[in-house]
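Notes follow once the structure below has been shown.
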Amino acid sequence: MKKILLLFILVSNFAFAQMPDISDVWLNNSKAYTGTIGNKNQEIKLKINISEQNKKNDQEYFVSGYTLVDKNYTKFEGKLTITKYKDAKKKGTVYGVYELAEENKGKHSGLFKGKFIYTFKWNKNTEKVEAQYIDLIGDWKSYDGTLDFKTRIKNQ
């Protein structure tokens, strides 16, 4: 009976194990992500000011911040969802999808959708994450449907 109870406790610990909260990762040390948008590779900056792990789904993060293209400054809210995680001894890779909805301020506001890849190295001596790299690859589509651009945004 004790063995069955012990086995049940062990299995339940695995079943209810929670993903570590990595919401600070998306904040990018308070620095803006930079990248390109559109056919002419126009510069875009994306800054995440708030990042919180969803308490009901630990694979999902709610984020908000702003985007800047030329002089067009627009607030956004959205989510990043982890779909896959690969762990090697010294390197980890997290895959997922994102959807960021800009505040509707006319023709130059819309919805970002795409996939992300987050890679990092683990330093076992310092027990810290190093060499973090985040790449957001996707599309931006204006709310009125007249504009549709490819985007590539990185944390470095």
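Chain lettering (A, B, ...) mirrors the order of the structure tokens, residue numbering begins at 1 for each chain separately, and ligand numbering begins at 1 in order of display.
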Exercise. Report as a count of residues only: the residues of chain A with a DSSP assignment of strand (DSSP E), based on the backbone of this structure.
Key: 91
Quiz item: What's the 8 Å shell around region 74-86 of chain A, counting only C-alpha atoms, without same-chain residues fewer than 4 positions away, as a PyMOL selection string?
Solution: chain A and resi 59-68+92-103+105+109
Quiz item: Distance CA of Asp24 (chain A)-CA of Ser51 (chain A), one decimal place?
Solution: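 Going from CA of Asp24 (chain A) over to CA of Ser51 (chain A) covers 6.8 Å.
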Exercise. Within 12 Å of Asn29 (chain A), counting only C-alpha atoms, which residues show up once you throw out same-chain ones fewer than 3 positions away? Write them as a list in words, please.
Key: Ser23, Asp24, Val25, Trp26, Ala32, Tyr33, Lys47, Ile48, Asn49, Ile50, Ser51, Gln132, Asn155 and Gln156 of chain A
Please, could you write that set of residues out with N, CA and C atoms as a PDB file, in the first residue's frame?
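Contents of part38.pdb, freshly written:
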ATOM      1  N   SER A  23       9.001  34.989 -17.908  1.00  0.00           N
ATOM      2  CA  SER A  23       8.443  36.237 -18.413  1.00  0.00           C
ATOM      3  C   SER A  23       9.481  37.358 -18.524  1.00  0.00           C
ATOM      4  N   ASP A  24      10.516  37.329 -17.699  1.00  0.00           N
ATOM      5  CA  ASP A  24      11.566  38.352 -17.803  1.00  0.00           C
ATOM      6  C   ASP A  24      12.328  38.270 -19.126  1.00  0.00           C
ATOM      7  N   VAL A  25      12.395  37.091 -19.707  1.00  0.00           N
ATOM      8  CA  VAL A  25      13.101  36.914 -20.984  1.00  0.00           C
ATOM      9  C   VAL A  25      12.527  37.833 -22.053  1.00  0.00           C
ATOM     10  N   TRP A  26      11.194  37.906 -22.127  1.00  0.00           N
ATOM     11  CA  TRP A  26      10.547  38.684 -23.191  1.00  0.00           C
ATOM     12  C   TRP A  26      10.768  40.183 -23.023  1.00  0.00           C
ATOM     13  N   ALA A  32      14.690  47.598 -26.679  1.00  0.00           N
ATOM     14  CA  ALA A  32      13.757  47.347 -27.777  1.00  0.00           C
ATOM     15  C   ALA A  32      14.306  46.265 -28.700  1.00  0.00           C
ATOM     16  N   TYR A  33      13.404  45.467 -29.251  1.00  0.00           N
ATOM     17  CA  TYR A  33      13.748  44.554 -30.323  1.00  0.00           C
ATOM     18  C   TYR A  33      13.831  45.404 -31.595  1.00  0.00           C
ATOM     19  N   LYS A  47       9.041  47.257 -28.407  1.00  0.00           N
ATOM     20  CA  LYS A  47       9.461  47.267 -27.001  1.00  0.00           C
ATOM     21  C   LYS A  47       8.377  46.609 -26.163  1.00  0.00           C
ATOM     22  N   ILE A  48       8.756  45.595 -25.401  1.00  0.00           N
ATOM     23  CA  ILE A  48       7.829  44.935 -24.487  1.00  0.00           C
ATOM     24  C   ILE A  48       8.073  45.504 -23.095  1.00  0.00           C
ATOM     25  N   ASN A  49       7.037  46.148 -22.542  1.00  0.00           N
ATOM     26  CA  ASN A  49       7.134  46.764 -21.218  1.00  0.00           C
ATOM     27  C   ASN A  49       6.596  45.871 -20.113  1.00  0.00           C
ATOM     28  N   ILE A  50       5.609  45.032 -20.437  1.00  0.00           N
ATOM     29  CA  ILE A  50       4.989  44.156 -19.445  1.00  0.00           C
ATOM     30  C   ILE A  50       4.943  42.735 -19.998  1.00  0.00           C
ATOM     31  N   SER A  51       5.308  41.768 -19.175  1.00  0.00           N
ATOM     32  CA  SER A  51       5.279  40.356 -19.552  1.00  0.00           C
ATOM     33  C   SER A  51       4.859  39.545 -18.336  1.00  0.00           C
ATOM     34  N   GLN A 132      21.442  34.926 -25.007  1.00  0.00           N
ATOM     35  CA  GLN A 132      20.035  34.794 -25.373  1.00  0.00           C
ATOM     36  C   GLN A 132      19.789  35.422 -26.735  1.00  0.00           C
ATOM     37  N   ASN A 155      16.053  40.406 -30.956  1.00  0.00           N
ATOM     38  CA  ASN A 155      16.437  41.096 -29.733  1.00  0.00           C
ATOM     39  C   ASN A 155      17.844  41.653 -29.790  1.00  0.00           C
ATOM     40  N   GLN A 156      18.611  41.396 -30.850  1.00  0.00           N
ATOM     41  CA  GLN A 156      19.985  41.913 -30.936  1.00  0.00           C
ATOM     42  C   GLN A 156      20.192  42.685 -32.203  1.00  0.00           C
TER      43      GLN A 156
END
Exercise. Find the residue from A:Asp139, A:Thr146, A:Pro20, A:Tyr133 that sits nearest to Gly38 (chain A); use only C-alpha atoms when measuring.
Key: A:Asp139
Quiz item: Skipping near chain neighbours, those fewer than 6 positions away, what residues fall within 12 Å of Gln42 (chain A) using only C-alpha atoms, listed as a ChimeraX atom specification?
Solution: /A:34-36,68-70,149-153
Give me a file of those residues, with all heavy atoms, as a JSON list (two decimals), in the first residue's frame.
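Output contents, as saved in again_23.json:
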[["chain", "number", "residue", "atom", "x", "y", "z"],
["A", 34, "THR", "N", 14.67, 45.01, -32.54],
["A", 34, "THR", "CA", 14.75, 45.76, -33.80],
["A", 34, "THR", "C", 14.61, 44.78, -34.96],
["A", 34, "THR", "O", 14.90, 43.59, -34.83],
["A", 34, "THR", "CB", 16.09, 46.50, -33.94],
["A", 34, "THR", "OG1", 17.16, 45.56, -33.85],
["A", 34, "THR", "CG2", 16.25, 47.57, -32.86],
["A", 35, "GLY", "N", 14.16, 45.31, -36.08],
["A", 35, "GLY", "CA", 14.00, 44.45, -37.24],
["A", 35, "GLY", "C", 13.51, 45.21, -38.44],
["A", 35, "GLY", "O", 13.67, 46.44, -38.52],
["A", 36, "THR", "N", 12.90, 44.46, -39.35],
["A", 36, "THR", "CA", 12.41, 45.05, -40.59],
["A", 36, "THR", "C", 10.96, 44.67, -40.82],
["A", 36, "THR", "O", 10.49, 43.63, -40.36],
["A", 36, "THR", "CB", 13.26, 44.58, -41.79],
["A", 36, "THR", "OG1", 13.20, 43.16, -41.87],
["A", 36, "THR", "CG2", 14.70, 45.05, -41.68],
["A", 68, "LEU", "N", 7.37, 51.06, -33.08],
["A", 68, "LEU", "CA", 7.75, 52.32, -33.67],
["A", 68, "LEU", "C", 8.27, 52.06, -35.08],
["A", 68, "LEU", "O", 9.25, 51.34, -35.27],
["A", 68, "LEU", "CB", 8.82, 53.02, -32.82],
["A", 68, "LEU", "CG", 9.32, 54.37, -33.30],
["A", 68, "LEU", "CD1", 8.18, 55.41, -33.26],
["A", 68, "LEU", "CD2", 10.48, 54.84, -32.44],
["A", 69, "VAL", "N", 7.57, 52.63, -36.08],
["A", 69, "VAL", "CA", 8.01, 52.58, -37.47],
["A", 69, "VAL", "C", 7.96, 54.02, -37.95],
["A", 69, "VAL", "O", 6.91, 54.66, -37.91],
["A", 69, "VAL", "CB", 7.09, 51.69, -38.34],
["A", 69, "VAL", "CG1", 7.55, 51.70, -39.79],
["A", 69, "VAL", "CG2", 7.03, 50.28, -37.80],
["A", 70, "ASP", "N", 9.11, 54.54, -38.43],
["A", 70, "ASP", "CA", 9.23, 55.98, -38.74],
["A", 70, "ASP", "C", 8.81, 56.77, -37.51],
["A", 70, "ASP", "O", 9.39, 56.60, -36.45],
["A", 70, "ASP", "CB", 8.40, 56.36, -39.96],
["A", 70, "ASP", "CG", 9.04, 55.93, -41.27],
["A", 70, "ASP", "OD1", 10.27, 55.75, -41.30],
["A", 70, "ASP", "OD2", 8.31, 55.77, -42.26],
["A", 149, "PHE", "N", 2.45, 42.96, -44.65],
["A", 149, "PHE", "CA", 3.90, 42.96, -44.75],
["A", 149, "PHE", "C", 4.53, 41.79, -43.99],
["A", 149, "PHE", "O", 4.03, 41.38, -42.95],
["A", 149, "PHE", "CB", 4.49, 44.24, -44.17],
["A", 149, "PHE", "CG", 4.08, 45.50, -44.88],
["A", 149, "PHE", "CD1", 3.55, 46.55, -44.17],
["A", 149, "PHE", "CD2", 4.23, 45.64, -46.25],
["A", 149, "PHE", "CE1", 3.18, 47.72, -44.80],
["A", 149, "PHE", "CE2", 3.86, 46.80, -46.89],
["A", 149, "PHE", "CZ", 3.33, 47.85, -46.16],
["A", 150, "LYS", "N", 5.66, 41.33, -44.50],
["A", 150, "LYS", "CA", 6.50, 40.36, -43.79],
["A", 150, "LYS", "C", 7.29, 41.13, -42.72],
["A", 150, "LYS", "O", 7.68, 42.28, -42.94],
["A", 150, "LYS", "CB", 7.48, 39.66, -44.74],
["A", 150, "LYS", "CG", 6.81, 38.84, -45.81],
["A", 150, "LYS", "CD", 6.35, 37.54, -45.24],
["A", 150, "LYS", "CE", 5.73, 36.67, -46.31],
["A", 150, "LYS", "NZ", 4.77, 35.74, -45.76],
["A", 151, "THR", "N", 7.53, 40.47, -41.58],
["A", 151, "THR", "CA", 8.32, 41.09, -40.53],
["A", 151, "THR", "C", 9.39, 40.13, -40.04],
["A", 151, "THR", "O", 9.21, 38.90, -40.09],
["A", 151, "THR", "CB", 7.44, 41.49, -39.31],
["A", 151, "THR", "OG1", 6.81, 40.33, -38.79],
["A", 151, "THR", "CG2", 6.38, 42.50, -39.72],
["A", 152, "ARG", "N", 10.46, 40.68, -39.57],
["A", 152, "ARG", "CA", 11.54, 39.93, -38.94],
["A", 152, "ARG", "C", 12.11, 40.81, -37.84],
["A", 152, "ARG", "O", 12.67, 41.87, -38.13],
["A", 152, "ARG", "CB", 12.61, 39.55, -39.95],
["A", 152, "ARG", "CG", 13.77, 38.76, -39.37],
["A", 152, "ARG", "CD", 13.69, 37.34, -39.86],
["A", 152, "ARG", "NE", 14.57, 36.47, -39.13],
["A", 152, "ARG", "CZ", 15.31, 35.56, -39.71],
["A", 152, "ARG", "NH1", 15.28, 35.42, -41.02],
["A", 152, "ARG", "NH2", 16.06, 34.78, -38.99],
["A", 153, "ILE", "N", 11.92, 40.42, -36.60],
["A", 153, "ILE", "CA", 12.30, 41.25, -35.47],
["A", 153, "ILE", "C", 13.16, 40.41, -34.53],
["A", 153, "ILE", "O", 12.83, 39.27, -34.22],
["A", 153, "ILE", "CB", 11.04, 41.78, -34.74],
["A", 153, "ILE", "CG1", 10.12, 42.51, -35.74],
["A", 153, "ILE", "CG2", 11.42, 42.68, -33.58],
["A", 153, "ILE", "CD1", 8.74, 42.81, -35.22]]
Practice problem: Taking the DSSP assignment computed from this structure's backbone, write out as a PyMOL selection string all residues of region 1-154 of chain A that belong to helix (DSSP H, G or I). | Solution: chain A and resi 2-15+23-30
Please, could you write that set of residues out with N, CA, C and O atoms as a PDB file, in the first residue's frame?
ATOM      1  N   LYS A   2       1.933   1.260   0.812  1.00  0.00           N
ATOM      2  CA  LYS A   2       2.823   2.420   0.875  1.00  0.00           C
ATOM      3  C   LYS A   2       3.495   2.653  -0.468  1.00  0.00           C
ATOM      4  O   LYS A   2       3.690   3.795  -0.882  1.00  0.00           O
ATOM      5  N   LYS A   3       3.858   1.561  -1.163  1.00  0.00           N
ATOM      6  CA  LYS A   3       4.510   1.686  -2.472  1.00  0.00           C
ATOM      7  C   LYS A   3       3.558   2.301  -3.497  1.00  0.00           C
ATOM      8  O   LYS A   3       3.961   3.135  -4.305  1.00  0.00           O
ATOM      9  N   ILE A   4       2.310   1.919  -3.453  1.00  0.00           N
ATOM     10  CA  ILE A   4       1.314   2.466  -4.380  1.00  0.00           C
ATOM     11  C   ILE A   4       1.106   3.955  -4.102  1.00  0.00           C
ATOM     12  O   ILE A   4       1.048   4.771  -5.025  1.00  0.00           O
ATOM     13  N   LEU A   5       1.027   4.330  -2.840  1.00  0.00           N
ATOM     14  CA  LEU A   5       0.861   5.730  -2.465  1.00  0.00           C
ATOM     15  C   LEU A   5       2.073   6.549  -2.911  1.00  0.00           C
ATOM     16  O   LEU A   5       1.926   7.645  -3.464  1.00  0.00           O
ATOM     17  N   LEU A   6       3.264   6.031  -2.679  1.00  0.00           N
ATOM     18  CA  LEU A   6       4.488   6.711  -3.095  1.00  0.00           C
ATOM     19  C   LEU A   6       4.527   6.880  -4.612  1.00  0.00           C
ATOM     20  O   LEU A   6       4.873   7.958  -5.119  1.00  0.00           O
ATOM     21  N   LEU A   7       4.152   5.841  -5.339  1.00  0.00           N
ATOM     22  CA  LEU A   7       4.113   5.906  -6.800  1.00  0.00           C
ATOM     23  C   LEU A   7       3.106   6.951  -7.271  1.00  0.00           C
ATOM     24  O   LEU A   7       3.382   7.744  -8.174  1.00  0.00           O
ATOM     25  N   PHE A   8       1.945   7.001  -6.629  1.00  0.00           N
ATOM     26  CA  PHE A   8       0.915   7.977  -6.973  1.00  0.00           C
ATOM     27  C   PHE A   8       1.423   9.405  -6.762  1.00  0.00           C
ATOM     28  O   PHE A   8       1.212  10.291  -7.593  1.00  0.00           O
ATOM     29  N   ILE A   9       2.109   9.642  -5.652  1.00  0.00           N
ATOM     30  CA  ILE A   9       2.648  10.980  -5.358  1.00  0.00           C
ATOM     31  C   ILE A   9       3.703  11.365  -6.391  1.00  0.00           C
ATOM     32  O   ILE A   9       3.718  12.488  -6.897  1.00  0.00           O
ATOM     33  N   LEU A  10       4.566  10.446  -6.750  1.00  0.00           N
ATOM     34  CA  LEU A  10       5.609  10.707  -7.734  1.00  0.00           C
ATOM     35  C   LEU A  10       5.012  11.031  -9.106  1.00  0.00           C
ATOM     36  O   LEU A  10       5.406  12.007  -9.747  1.00  0.00           O
ATOM     37  N   VAL A  11       4.036  10.251  -9.535  1.00  0.00           N
ATOM     38  CA  VAL A  11       3.385  10.482 -10.826  1.00  0.00           C
ATOM     39  C   VAL A  11       2.642  11.812 -10.831  1.00  0.00           C
ATOM     40  O   VAL A  11       2.697  12.568 -11.801  1.00  0.00           O
ATOM     41  N   SER A  12       1.971  12.147  -9.747  1.00  0.00           N
ATOM     42  CA  SER A  12       1.224  13.404  -9.699  1.00  0.00           C
ATOM     43  C   SER A  12       2.159  14.605  -9.726  1.00  0.00           C
ATOM     44  O   SER A  12       1.828  15.640 -10.291  1.00  0.00           O
ATOM     45  N   ASN A  13       3.352  14.485  -9.153  1.00  0.00           N
ATOM     46  CA  ASN A  13       4.319  15.577  -9.220  1.00  0.00           C
ATOM     47  C   ASN A  13       4.734  15.848 -10.655  1.00  0.00           C
ATOM     48  O   ASN A  13       4.877  16.990 -11.066  1.00  0.00           O
ATOM     49  N   PHE A  14       4.930  14.805 -11.435  1.00  0.00           N
ATOM     50  CA  PHE A  14       5.270  14.988 -12.848  1.00  0.00           C
ATOM     51  C   PHE A  14       4.096  15.553 -13.630  1.00  0.00           C
ATOM     52  O   PHE A  14       4.261  16.402 -14.487  1.00  0.00           O
ATOM     53  N   ALA A  15       2.909  15.094 -13.337  1.00  0.00           N
ATOM     54  CA  ALA A  15       1.722  15.540 -14.068  1.00  0.00           C
ATOM     55  C   ALA A  15       1.417  17.007 -13.819  1.00  0.00           C
ATOM     56  O   ALA A  15       0.935  17.703 -14.703  1.00  0.00           O
ATOM     57  N   SER A  23       9.001  34.989 -17.908  1.00  0.00           N
ATOM     58  CA  SER A  23       8.443  36.237 -18.413  1.00  0.00           C
ATOM     59  C   SER A  23       9.481  37.358 -18.524  1.00  0.00           C
ATOM     60  O   SER A  23       9.363  38.218 -19.391  1.00  0.00           O
ATOM     61  N   ASP A  24      10.516  37.329 -17.699  1.00  0.00           N
ATOM     62  CA  ASP A  24      11.566  38.352 -17.803  1.00  0.00           C
ATOM     63  C   ASP A  24      12.328  38.270 -19.126  1.00  0.00           C
ATOM     64  O   ASP A  24      12.848  39.278 -19.604  1.00  0.00           O
ATOM     65  N   VAL A  25      12.395  37.091 -19.707  1.00  0.00           N
ATOM     66  CA  VAL A  25      13.101  36.914 -20.984  1.00  0.00           C
ATOM     67  C   VAL A  25      12.527  37.833 -22.053  1.00  0.00           C
ATOM     68  O   VAL A  25      13.251  38.488 -22.792  1.00  0.00           O
ATOM     69  N   TRP A  26      11.194  37.906 -22.127  1.00  0.00           N
ATOM     70  CA  TRP A  26      10.547  38.684 -23.191  1.00  0.00           C
ATOM     71  C   TRP A  26      10.768  40.183 -23.023  1.00  0.00           C
ATOM     72  O   TRP A  26      10.634  40.939 -23.978  1.00  0.00           O
ATOM     73  N   LEU A  27      11.122  40.628 -21.816  1.00  0.00           N
ATOM     74  CA  LEU A  27      11.386  42.048 -21.564  1.00  0.00           C
ATOM     75  C   LEU A  27      12.704  42.509 -22.184  1.00  0.00           C
ATOM     76  O   LEU A  27      12.934  43.704 -22.333  1.00  0.00           O
ATOM     77  N   ASN A  28      13.574  41.573 -22.521  1.00  0.00           N
ATOM     78  CA  ASN A  28      14.819  41.858 -23.238  1.00  0.00           C
ATOM     79  C   ASN A  28      15.692  42.897 -22.518  1.00  0.00           C
ATOM     80  O   ASN A  28      16.202  43.825 -23.142  1.00  0.00           O
ATOM     81  N   ASN A  29      15.806  42.761 -21.204  1.00  0.00           N
ATOM     82  CA  ASN A  29      16.628  43.690 -20.410  1.00  0.00           C
ATOM     83  C   ASN A  29      16.255  45.156 -20.646  1.00  0.00           C
ATOM     84  O   ASN A  29      17.117  46.027 -20.730  1.00  0.00           O
ATOM     85  N   SER A  30      14.969  45.419 -20.820  1.00  0.00           N
ATOM     86  CA  SER A  30      14.421  46.771 -21.053  1.00  0.00           C
ATOM     87  C   SER A  30      14.891  47.404 -22.362  1.00  0.00           C
ATOM     88  O   SER A  30      14.824  48.616 -22.519  1.00  0.00           O
TER      89      SER A  30
END
Exercise. Would you mind reading off the distance between CA of Asp135 (chain A) and CA of Gly114 (chain A), one decimal, in Å?
Key: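 A separation of 10.3 Å between them.
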Quiz item: What gap, in Å, lies between CA of Ile44 (chain A) and CA of Asn104 (chain A)?
Solution: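 We find that CA of Ile44 (chain A) and CA of Asn104 (chain A) lie 17.7 Å from each other.
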